[in-house]
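Pasting structure-v7.csv here (CSV, C-alpha atoms and all ligand atoms):
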chain,number,residue,atom,x,y,z
A,1,MET,CA,350.6,26.5,-60.0
A,2,HIS,CA,348.6,27.3,-63.2
A,3,ILE,CA,350.3,29.7,-65.7
A,4,LEU,CA,347.9,31.4,-68.1
A,5,HIS,CA,348.8,33.6,-71.0
A,6,THR,CA,345.6,34.6,-72.8
A,7,VAL,CA,342.5,36.4,-71.6
A,8,ALA,CA,340.3,33.6,-72.9
A,9,GLU,CA,342.2,31.0,-70.9
A,10,MET,CA,342.1,33.2,-67.8
A,11,GLN,CA,338.4,33.9,-68.0
A,12,THR,CA,337.6,30.2,-68.5
A,13,GLU,CA,339.7,29.3,-65.5
A,14,ALA,CA,338.2,32.1,-63.3
A,15,LYS,CA,334.6,31.0,-64.2
A,16,ARG,CA,335.5,27.4,-63.4
A,17,LEU,CA,336.8,28.5,-60.0
A,18,LEU,CA,333.8,30.7,-59.2
A,19,ALA,CA,331.4,28.0,-60.3
A,20,GLY,CA,333.1,25.7,-57.8
A,21,GLY,CA,332.4,28.2,-55.0
A,22,ALA,CA,335.9,29.7,-54.9
A,23,SER,CA,336.6,33.3,-54.1
A,24,ILE,CA,339.4,34.8,-56.2
A,25,GLY,CA,342.0,37.3,-54.9
A,26,CYS,CA,344.0,39.0,-57.5
A,27,ILE,CA,347.4,40.8,-57.2
A,28,PRO,CA,348.1,43.0,-60.3
A,29,THR,CA,351.9,43.5,-60.7
A,30,MET,CA,354.5,44.4,-63.3
A,31,GLY,CA,356.7,41.5,-62.1
A,32,ALA,CA,360.3,41.7,-60.8
A,33,LEU,CA,358.6,40.6,-57.6
A,34,HIS,CA,360.0,41.4,-54.2
A,35,SER,CA,358.8,41.1,-50.6
A,36,GLY,CA,356.4,44.0,-51.1
A,37,HIS,CA,354.5,42.0,-53.7
A,38,ALA,CA,354.9,38.9,-51.6
A,39,SER,CA,353.0,40.6,-48.7
A,40,LEU,CA,350.0,41.2,-51.1
A,41,ILE,CA,350.1,37.6,-52.3
A,42,THR,CA,350.3,36.3,-48.7
A,43,ALA,CA,347.3,38.5,-47.7
A,44,SER,CA,345.3,37.3,-50.6
A,45,SER,CA,346.1,33.6,-50.1
A,46,ALA,CA,345.0,33.9,-46.4
A,47,ALA,CA,341.6,35.2,-47.5
A,48,HIS,CA,340.8,33.4,-50.8
A,49,THR,CA,340.7,29.9,-52.2
A,50,ALA,CA,342.5,31.1,-55.3
A,51,SER,CA,345.1,33.8,-55.7
A,52,VAL,CA,346.0,35.1,-59.1
A,53,VAL,CA,349.1,37.2,-59.6
A,54,SER,CA,349.2,39.0,-62.9
A,55,ILE,CA,352.5,39.9,-64.3
A,56,PHE,CA,352.4,42.4,-67.1
A,57,VAL,CA,354.7,45.3,-67.9
A,58,ASN,CA,352.0,47.7,-69.1
A,59,PRO,CA,353.3,49.9,-71.9
A,60,THR,CA,350.5,52.4,-71.7
A,61,GLN,CA,351.4,53.5,-68.2
A,62,PHE,CA,355.0,54.5,-69.2
A,63,GLY,CA,355.8,57.9,-70.7
A,64,ALA,CA,357.8,58.2,-73.9
A,65,ASN,CA,361.1,58.8,-72.0
A,66,GLU,CA,360.5,56.3,-69.2
A,67,ASP,CA,361.9,52.9,-68.6
A,68,TYR,CA,359.5,50.6,-70.3
A,69,SER,CA,362.0,48.8,-72.5
A,70,ARG,CA,364.5,48.3,-69.7
A,71,TYR,CA,362.0,47.5,-66.9
A,72,PRO,CA,363.2,44.3,-65.3
A,73,ARG,CA,361.5,41.1,-66.6
A,74,THR,CA,362.1,38.0,-64.4
A,75,LEU,CA,359.2,35.7,-65.1
A,76,GLN,CA,360.6,32.4,-63.9
A,77,ALA,CA,361.8,33.9,-60.6
A,78,ASP,CA,358.4,35.7,-60.2
A,79,ILE,CA,356.5,32.4,-60.7
A,80,ALA,CA,358.6,30.8,-58.0
A,81,LEU,CA,358.1,33.7,-55.6
A,82,ALA,CA,354.4,33.8,-56.2
A,83,ALA,CA,354.1,30.0,-55.6
A,84,ASP,CA,356.1,30.3,-52.4
A,85,HIS,CA,353.6,32.8,-51.0
A,86,GLY,CA,350.5,30.9,-51.8
A,87,ALA,CA,349.5,32.0,-55.3
A,88,THR,CA,347.6,29.4,-57.2
A,89,HIS,CA,347.7,31.1,-60.6
A,90,VAL,CA,350.0,33.4,-62.6
A,91,PHE,CA,348.4,35.4,-65.5
A,92,ALA,CA,351.2,36.6,-67.7
A,93,PRO,CA,349.8,37.9,-71.0
A,94,SER,CA,351.8,39.5,-73.8
A,95,ALA,CA,351.4,43.2,-74.8
A,96,GLU,CA,349.7,42.0,-78.1
A,97,GLU,CA,347.2,40.0,-76.0
A,98,MET,CA,346.2,43.0,-73.8
A,99,TYR,CA,346.4,45.6,-76.6
A,100,PRO,CA,345.4,44.0,-79.9
A,101,GLN,CA,345.4,46.1,-83.0
A,102,ASN,CA,342.6,48.7,-83.0
A,103,HIS,CA,342.3,48.7,-79.2
A,104,GLY,CA,340.6,52.0,-78.7
A,105,THR,CA,339.3,52.4,-75.1
A,106,THR,CA,341.0,54.4,-72.3
A,107,ILE,CA,339.7,54.9,-68.8
A,108,THR,CA,340.3,58.3,-67.3
A,109,VAL,CA,339.6,58.8,-63.6
A,110,SER,CA,339.0,62.5,-62.9
A,111,PRO,CA,340.3,64.6,-61.3
A,112,LEU,CA,342.7,62.3,-59.4
A,113,SER,CA,344.6,61.3,-62.6
A,114,THR,CA,346.0,64.7,-63.4
A,115,ILE,CA,347.3,65.9,-60.1
A,116,LEU,CA,350.6,65.1,-58.3
A,117,GLU,CA,352.0,61.9,-59.9
A,118,GLY,CA,349.6,62.4,-62.8
A,119,ALA,CA,350.9,65.9,-63.4
A,120,TYR,CA,354.5,64.6,-63.6
A,121,ARG,CA,353.6,61.5,-65.6
A,122,PRO,CA,350.8,62.6,-68.0
A,123,GLY,CA,348.7,59.7,-69.1
A,124,HIS,CA,350.2,57.4,-66.5
A,125,PHE,CA,347.0,56.8,-64.5
A,126,ASP,CA,344.9,56.4,-67.7
A,127,GLY,CA,347.3,53.5,-68.5
A,128,VAL,CA,346.9,52.2,-65.0
A,129,ALA,CA,343.1,52.5,-64.8
A,130,THR,CA,342.7,50.9,-68.2
A,131,ILE,CA,345.0,47.9,-67.6
A,132,VAL,CA,343.6,47.3,-64.1
A,133,CYS,CA,340.1,47.3,-65.5
A,134,LYS,CA,341.1,44.9,-68.3
A,135,LEU,CA,343.0,42.6,-65.9
A,136,PHE,CA,339.9,42.6,-63.6
A,137,ALA,CA,337.8,41.6,-66.7
A,138,ALA,CA,340.2,38.7,-67.3
A,139,MET,CA,340.7,37.5,-63.7
A,140,LEU,CA,337.2,38.1,-62.5
A,141,PRO,CA,338.4,38.6,-58.9
A,142,THR,CA,336.3,38.8,-55.8
A,143,ALA,CA,339.0,41.1,-54.2
A,144,ALA,CA,342.1,42.9,-55.5
A,145,TYR,CA,345.2,43.7,-53.5
A,146,PHE,CA,347.3,46.9,-53.9
A,147,GLY,CA,350.2,48.4,-52.0
A,148,SER,CA,349.9,51.7,-50.1
A,149,LYS,CA,353.3,52.8,-51.4
A,150,ASP,CA,351.6,53.7,-54.7
A,151,PHE,CA,349.1,55.6,-52.7
A,152,GLN,CA,347.6,57.8,-55.5
A,153,GLN,CA,347.2,54.6,-57.6
A,154,THR,CA,345.1,53.0,-54.8
A,155,LEU,CA,342.7,56.1,-54.9
A,156,VAL,CA,342.5,56.0,-58.7
A,157,VAL,CA,341.6,52.3,-58.6
A,158,LYS,CA,339.1,52.7,-55.8
A,159,GLN,CA,337.3,55.5,-57.7
A,160,MET,CA,337.3,53.5,-60.9
A,161,VAL,CA,335.7,50.6,-59.2
A,162,ARG,CA,333.1,52.9,-57.6
A,163,ASP,CA,332.4,54.8,-60.8
A,164,LEU,CA,332.1,51.7,-63.0
A,165,ASN,CA,330.2,49.7,-60.4
A,166,LEU,CA,332.7,46.9,-60.5
A,167,PRO,CA,331.8,44.2,-57.9
A,168,ILE,CA,335.4,43.9,-56.6
A,169,VAL,CA,336.7,44.7,-53.1
A,170,ILE,CA,339.9,46.7,-53.1
A,171,ARG,CA,342.3,45.9,-50.3
A,172,VAL,CA,345.2,48.2,-49.6
A,173,MET,CA,348.2,46.7,-47.7
A,174,PRO,CA,351.0,48.5,-45.8
A,175,THR,CA,354.3,49.4,-47.5
A,176,VAL,CA,357.1,46.8,-47.0
A,177,ARG,CA,360.4,48.5,-46.3
A,178,GLU,CA,364.1,47.5,-46.2
A,179,SER,CA,365.7,47.5,-42.8
A,180,ASP,CA,366.8,51.1,-43.2
A,181,GLY,CA,363.3,52.2,-44.2
A,182,LEU,CA,363.6,52.4,-48.0
A,183,ALA,CA,360.4,51.2,-49.6
A,184,LEU,CA,360.9,48.1,-51.6
A,185,SER,CA,360.5,48.8,-55.3
A,186,SER,CA,361.3,46.9,-58.5
A,187,ARG,CA,363.1,50.1,-59.6
A,188,ASN,CA,365.5,50.0,-56.6
A,189,ARG,CA,367.6,47.5,-58.6
A,190,TYR,CA,368.6,50.5,-60.9
A,191,LEU,CA,370.3,52.2,-58.0
A,192,ALA,CA,374.1,52.2,-57.8
A,193,PRO,CA,375.4,51.4,-54.3
A,194,ASP,CA,376.0,55.0,-53.3
A,195,HIS,CA,372.6,56.0,-54.6
A,196,ARG,CA,371.0,53.1,-52.8
A,197,SER,CA,372.3,54.4,-49.5
A,198,SER,CA,371.1,57.9,-50.1
A,199,ALA,CA,367.7,56.8,-51.4
A,200,VAL,CA,366.5,56.3,-47.8
A,201,ALA,CA,366.2,60.1,-47.7
A,202,LEU,CA,362.7,59.7,-49.1
A,203,TYR,CA,361.7,57.8,-46.0
A,204,HIS,CA,363.5,60.2,-43.7
A,205,ALA,CA,361.5,63.0,-45.4
A,206,LEU,CA,358.2,61.3,-44.6
A,207,LEU,CA,359.4,60.8,-41.0
A,208,ALA,CA,360.3,64.5,-40.8
A,209,GLY,CA,356.8,65.5,-42.0
A,210,ALA,CA,355.1,63.0,-39.7
A,211,LYS,CA,357.1,64.5,-36.7
A,212,ILE,CA,355.7,68.0,-37.4
A,213,TRP,CA,352.1,66.6,-37.6
A,214,GLU,CA,352.6,64.6,-34.4
A,215,GLY,CA,354.1,67.7,-32.7
A,216,GLY,CA,350.7,69.3,-33.2
A,217,SER,CA,351.0,71.4,-36.4
A,218,GLY,CA,348.4,71.0,-39.0
A,219,LEU,CA,350.0,73.7,-41.2
A,220,ARG,CA,350.7,72.2,-44.6
A,221,THR,CA,353.6,74.5,-45.4
A,222,GLU,CA,355.3,73.6,-42.1
A,223,ILE,CA,354.9,69.8,-42.8
A,224,GLU,CA,356.1,70.2,-46.4
A,225,ALA,CA,359.1,72.4,-45.4
A,226,ALA,CA,360.3,69.7,-43.1
A,227,MET,CA,360.1,67.1,-45.9
A,228,LEU,CA,361.8,69.4,-48.4
A,229,ALA,CA,364.6,70.2,-46.0
A,230,VAL,CA,365.6,66.5,-45.9
A,231,LEU,CA,365.4,66.2,-49.7
A,232,ARG,CA,367.3,69.4,-50.5
A,233,GLU,CA,370.1,67.6,-52.3
A,234,PHE,CA,367.7,65.7,-54.6
A,235,ASP,CA,365.7,66.6,-57.7
A,236,VAL,CA,362.3,66.6,-56.1
A,237,ASP,CA,359.1,66.5,-58.1
A,238,TYR,CA,356.8,66.9,-55.1
A,239,ALA,CA,356.9,66.5,-51.4
A,240,VAL,CA,353.4,67.3,-50.1
A,241,ALA,CA,350.8,66.7,-47.5
A,242,ALA,CA,347.3,66.0,-48.6
A,243,THR,CA,343.9,64.8,-47.3
A,244,ALA,CA,344.1,61.0,-47.6
A,245,ASP,CA,340.9,60.3,-49.3
A,246,THR,CA,340.8,63.0,-51.9
A,247,LEU,CA,344.4,64.4,-52.2
A,248,GLU,CA,343.0,67.9,-51.6
A,249,MET,CA,345.6,70.2,-50.2
A,250,PRO,CA,344.1,72.7,-47.7
A,251,SER,CA,346.5,75.2,-46.0
A,252,VAL,CA,345.6,73.8,-42.6
A,253,PHE,CA,344.5,70.2,-41.8
A,254,ASP,CA,341.7,69.7,-39.3
A,255,LYS,CA,342.3,67.9,-36.1
A,256,GLY,CA,340.4,64.8,-37.1
A,257,SER,CA,341.5,64.5,-40.7
A,258,GLU,CA,343.6,61.7,-42.1
A,259,VAL,CA,346.6,63.1,-43.9
A,260,VAL,CA,348.9,61.4,-46.4
A,261,LEU,CA,352.5,62.5,-47.1
A,262,LEU,CA,353.6,61.9,-50.7
A,263,VAL,CA,357.1,62.2,-52.2
A,264,ALA,CA,358.6,61.7,-55.6
A,265,ALA,CA,362.3,62.4,-56.2
A,266,ARG,CA,365.1,61.4,-58.5
A,267,VAL,CA,368.0,59.6,-56.8
A,268,GLY,CA,370.7,59.7,-59.5
A,269,SER,CA,368.7,59.0,-62.6
A,270,THR,CA,366.2,56.7,-60.8
A,271,ARG,CA,362.8,58.3,-60.0
A,272,LEU,CA,361.4,56.9,-56.7
A,273,ILE,CA,358.1,57.5,-54.9
A,274,ASP,CA,357.0,56.9,-51.4
A,275,SER,CA,354.1,57.8,-49.1
A,276,MET,CA,353.0,57.6,-45.5
A,277,VAL,CA,349.5,57.9,-44.0
A,278,LEU,CA,349.3,59.9,-40.8
A,279,ARG,CA,346.4,58.9,-38.5
A,280,SER,CA,344.4,61.7,-37.1
A,281,GLY,CA,345.7,62.8,-33.7
A,282,LEU,CA,346.5,66.5,-33.4
B,301,LIG,P1,354.2,47.1,-59.4
B,301,LIG,O1,354.7,45.8,-59.8
B,301,LIG,O2,355.3,48.1,-59.0
B,301,LIG,O3,353.2,47.6,-60.4
B,301,LIG,O4,353.4,46.9,-58.0
B,301,LIG,C1,352.4,45.9,-57.9
B,301,LIG,C2,351.7,46.1,-56.6
B,301,LIG,O5,352.6,45.9,-55.6
B,301,LIG,C3,351.2,47.5,-56.4
B,301,LIG,O6,349.9,47.5,-55.8
B,301,LIG,C4,352.2,48.1,-55.5
B,301,LIG,O7,351.7,49.2,-54.8
B,301,LIG,C5,352.6,47.0,-54.7
B,301,LIG,N1,353.9,47.2,-54.1
B,301,LIG,C6,355.0,47.7,-54.7
B,301,LIG,N2,356.0,47.9,-53.8
B,301,LIG,C7,355.5,47.6,-52.5
B,301,LIG,C8,356.0,47.6,-51.2
B,301,LIG,N3,357.2,48.0,-50.9
B,301,LIG,N4,355.1,47.2,-50.2
B,301,LIG,C9,353.8,46.8,-50.5
B,301,LIG,N5,353.3,46.8,-51.7
B,301,LIG,C10,354.1,47.2,-52.7
Could the structure of this file be written out as structure tokens, please?
Ligand code: AMP
Amino acid sequence: MHILHTVAEMQTEAKRLLAGGASIGCIPTMGALHSGHASLITASSAAHTASVVSIFVNPTQFGANEDYSRYPRTLQADIALAADHGATHVFAPSAEEMYPQNHGTTITVSPLSTILEGAYRPGHFDGVATIVCKLFAAMLPTAAYFGSKDFQQTLVVKQMVRDLNLPIVIRVMPTVRESDGLALSSRNRYLAPDHRSSAVALYHALLAGAKIWEGGSGLRTEIEAAMLAVLREFDVDYAVAATADTLEMPSVFDKGSEVVLLVAARVGSTRLIDSMVLRSGL
């Protein structure tokens, strides 16, 4: 396992790998790794000679009142987990390395960055798009692996790659869940035990929405009402159905369309998100 801390070291190593004929899979993360991250690392290491896990708690994607300073940082355990799942490299730069003084470039992906999650977390996706692009420029990946749980993020990254002509394949992997259905998340460790058990409501809300769709209704209000009914005791930011590739929200979904359900809610003081893609099939 190679551990790299600077962009220059990372680029030199990536160029060496590519010159030797390797393909590089990268897995951008903020650390506090769990089985969800592990599934991305496993998928990458099955497909690439080298798999680089980046571990960087990116300050620019956190709002002023969010959990940047208390976000879990567990580098040694993360390195062990990454190695166990086939990673060959960990790239763990400092904040000063990624954002030196006078850093002045921000990437905005429009209009995706300002709706839904972007409306509740202004600037969040600018931070995500900018750091992902910078990480790509350091790791020089052939392909990059992202989780479907952060569904809107995957669309933002895909559009950025398309718009900027980046020669990188984006692979989106299924959400890994606990046995009761709660999506694994580094933020789950903030949950007190009673909140942990109630947090599964987000998943139940997605199932309730899916049931309406599978029952034959393409009416958005009906799908969303079923989700909100499950979440009535929670502080919900949004619980919506949208077209999976654009996040448009028509009042009725066509028979053949692919729909995504997206929820964001606070469980106690912890804000969680989840999503579920519904295959066409009315
Ligand atoms: P994060 O460390 O939270 O920024 O996440 C890094 C990557 O892991 C992102 O692409 C996430 O979507 C993905 N990820 C997080 N949780 C899960 C999960 N439960 N299942 C699959 N992928 C996940």
What residues have any atom no more than 9 Å from ligand LIG 301 (chain B) when counting all atoms listed in the file, and can you list them as a ChimeraX atom specification?
-> /A:27-40,55-58,145-151,153-154,172-178,182-187,274
Mind checking which residues fall within 6 Å of range 124-137 of chain A, counting all atoms listed in the file, ignoring those fewer than 3 positions away in the same chain, and posting them as a ChimeraX atom specification?
-> /A:60-61,106-108,113,121,140
Mind giving me the straight-line distance from CA of Phe62 in chain A to CA of Ala95 in chain A in Å, one decimal?
->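 A separation of 13.1 Å between them.
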Counting all atoms listed in the file, select every polymer residue within 9 Å of (346.8, 73.8, -40.0) as defined in the file's coordinates, and provide the selection as an MDAnalysis selection string.
-> chainID A and resid 217:222 250:255
What does the file look like for those residues with C-alpha atoms, as a short mmCIF file (atom, residue, chain, number, x, y, z; two decimals), in the frame of the given file?
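Here's the written file out_8.cif:
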data_model
loop_
_atom_site.label_atom_id
_atom_site.label_comp_id
_atom_site.auth_asym_id
_atom_site.auth_seq_id
_atom_site.Cartn_x
_atom_site.Cartn_y
_atom_site.Cartn_z
CA SER A 217 351.00 71.40 -36.40
CA GLY A 218 348.40 71.00 -39.00
CA LEU A 219 350.00 73.70 -41.20
CA ARG A 220 350.70 72.20 -44.60
CA THR A 221 353.60 74.50 -45.40
CA GLU A 222 355.30 73.60 -42.10
CA PRO A 250 344.10 72.70 -47.70
CA SER A 251 346.50 75.20 -46.00
CA VAL A 252 345.60 73.80 -42.60
CA PHE A 253 344.50 70.20 -41.80
CA ASP A 254 341.70 69.70 -39.30
CA LYS A 255 342.30 67.90 -36.10
#
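Among the candidates A:Gly25, A:Pro72, A:Gly123, A:Gly118, the one nearest to His89 in chain A when counting all atoms listed in the file is A:Gly25.
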A:Tyr203, A:Pro122, A:Ile212, A:Val240 ranked by distance to Glu66 in chain A, top pick (using all atoms listed in the file) |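 Nearest candidate to Glu66 in chain A out of A:Tyr203, A:Pro122, A:Ile212, A:Val240: A:Pro122.
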Between CA of Glu96 in chain A and CA of Pro59 in chain A, what is the distance, to one decimal in Å?
->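 Rounded to one decimal, the two atoms are 10.7 Å apart.
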All residues 7 Å or closer to range 190-201 of chain A, all atoms listed in the file, same chain fewer than 5 positions away omitted, as a ChimeraX atom specification = /A:180-182,230-231,267-268,270
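You will find CA of His103 in chain A at 16.5 Å from CA of Ala8 in chain A.
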Which residue out of A:Leu278, A:Val260, A:Met249, A:Leu18 has the minimum interatomic distance to Gln152 in chain A when all atoms listed in the file are used?
->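 Of A:Leu278, A:Val260, A:Met249, A:Leu18, the one nearest Gln152 in chain A is A:Val260, counting all atoms listed in the file.
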For Ile24 in chain A, please output as a ChimeraX atom specification all residues within 6 Å (counting all atoms listed in the file; exclusion window: fewer than 6 positions along the same chain).
-> /A:48,50-51,141-142
Counting only C-alpha atoms, the option among A:Ser44, A:Ala239, A:Arg266, A:Phe91 closest to Gln11 in chain A = A:Phe91
With N, CA, C and O atoms as the goal, would you fill in the gaps in range 16-33 of chain A and present it as a compact mmCIF listing (two decimals), keeping the file's coordinate frame?
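Dumped to selection.txt:
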# COMPACT_ATOMS: atom_id res chain seq x y z
N ARG A 16 335.49 28.77 -63.96
CA ARG A 16 335.50 27.40 -63.40
C ARG A 16 335.66 27.51 -61.86
O ARG A 16 334.94 26.86 -61.09
N LEU A 17 336.59 28.35 -61.42
CA LEU A 17 336.80 28.50 -60.00
C LEU A 17 335.59 29.05 -59.28
O LEU A 17 335.18 28.55 -58.23
N LEU A 18 334.99 30.09 -59.86
CA LEU A 18 333.80 30.70 -59.20
C LEU A 18 332.65 29.75 -59.18
O LEU A 18 331.93 29.69 -58.18
N ALA A 19 332.48 28.97 -60.25
CA ALA A 19 331.40 28.00 -60.30
C ALA A 19 331.55 26.93 -59.21
O ALA A 19 330.58 26.40 -58.68
N GLY A 20 332.82 26.66 -58.85
CA GLY A 20 333.10 25.70 -57.80
C GLY A 20 333.02 26.30 -56.41
O GLY A 20 333.37 25.64 -55.42
N GLY A 21 332.62 27.56 -56.33
CA GLY A 21 332.40 28.20 -55.00
C GLY A 21 333.66 28.93 -54.50
O GLY A 21 333.66 29.42 -53.37
N ALA A 22 334.70 29.02 -55.32
CA ALA A 22 335.90 29.70 -54.90
C ALA A 22 335.72 31.20 -54.81
O ALA A 22 334.90 31.74 -55.54
N SER A 23 336.49 31.85 -53.95
CA SER A 23 336.60 33.30 -54.10
C SER A 23 338.02 33.55 -54.64
O SER A 23 338.96 32.79 -54.35
N ILE A 24 338.13 34.57 -55.48
CA ILE A 24 339.40 34.80 -56.20
C ILE A 24 340.00 36.13 -55.68
O ILE A 24 339.35 37.18 -55.76
N GLY A 25 341.23 36.06 -55.17
CA GLY A 25 342.00 37.30 -54.90
C GLY A 25 342.93 37.52 -56.00
O GLY A 25 343.55 36.57 -56.49
N CYS A 26 343.05 38.77 -56.44
CA CYS A 26 344.00 39.00 -57.50
C CYS A 26 345.04 40.07 -57.06
O CYS A 26 344.75 40.94 -56.23
N ILE A 27 346.24 39.93 -57.59
CA ILE A 27 347.40 40.80 -57.20
C ILE A 27 347.97 41.30 -58.55
O ILE A 27 348.80 40.61 -59.14
N PRO A 28 347.55 42.48 -59.04
CA PRO A 28 348.10 43.00 -60.30
C PRO A 28 349.55 43.50 -60.06
O PRO A 28 349.77 44.31 -59.15
N THR A 29 350.51 43.04 -60.86
CA THR A 29 351.90 43.50 -60.70
C THR A 29 352.53 43.65 -62.11
O THR A 29 352.00 43.15 -63.10
N MET A 30 353.69 44.30 -62.10
CA MET A 30 354.50 44.40 -63.30
C MET A 30 355.69 43.41 -63.22
O MET A 30 356.66 43.53 -63.97
N GLY A 31 355.65 42.50 -62.26
CA GLY A 31 356.70 41.50 -62.10
C GLY A 31 357.94 42.09 -61.42
O GLY A 31 357.83 43.10 -60.72
N ALA A 32 359.09 41.41 -61.59
CA ALA A 32 360.30 41.70 -60.80
C ALA A 32 359.89 41.70 -59.32
O ALA A 32 360.13 42.65 -58.57
N LEU A 33 359.25 40.62 -58.94
CA LEU A 33 358.60 40.60 -57.60
C LEU A 33 359.59 40.59 -56.48
O LEU A 33 360.67 40.03 -56.56
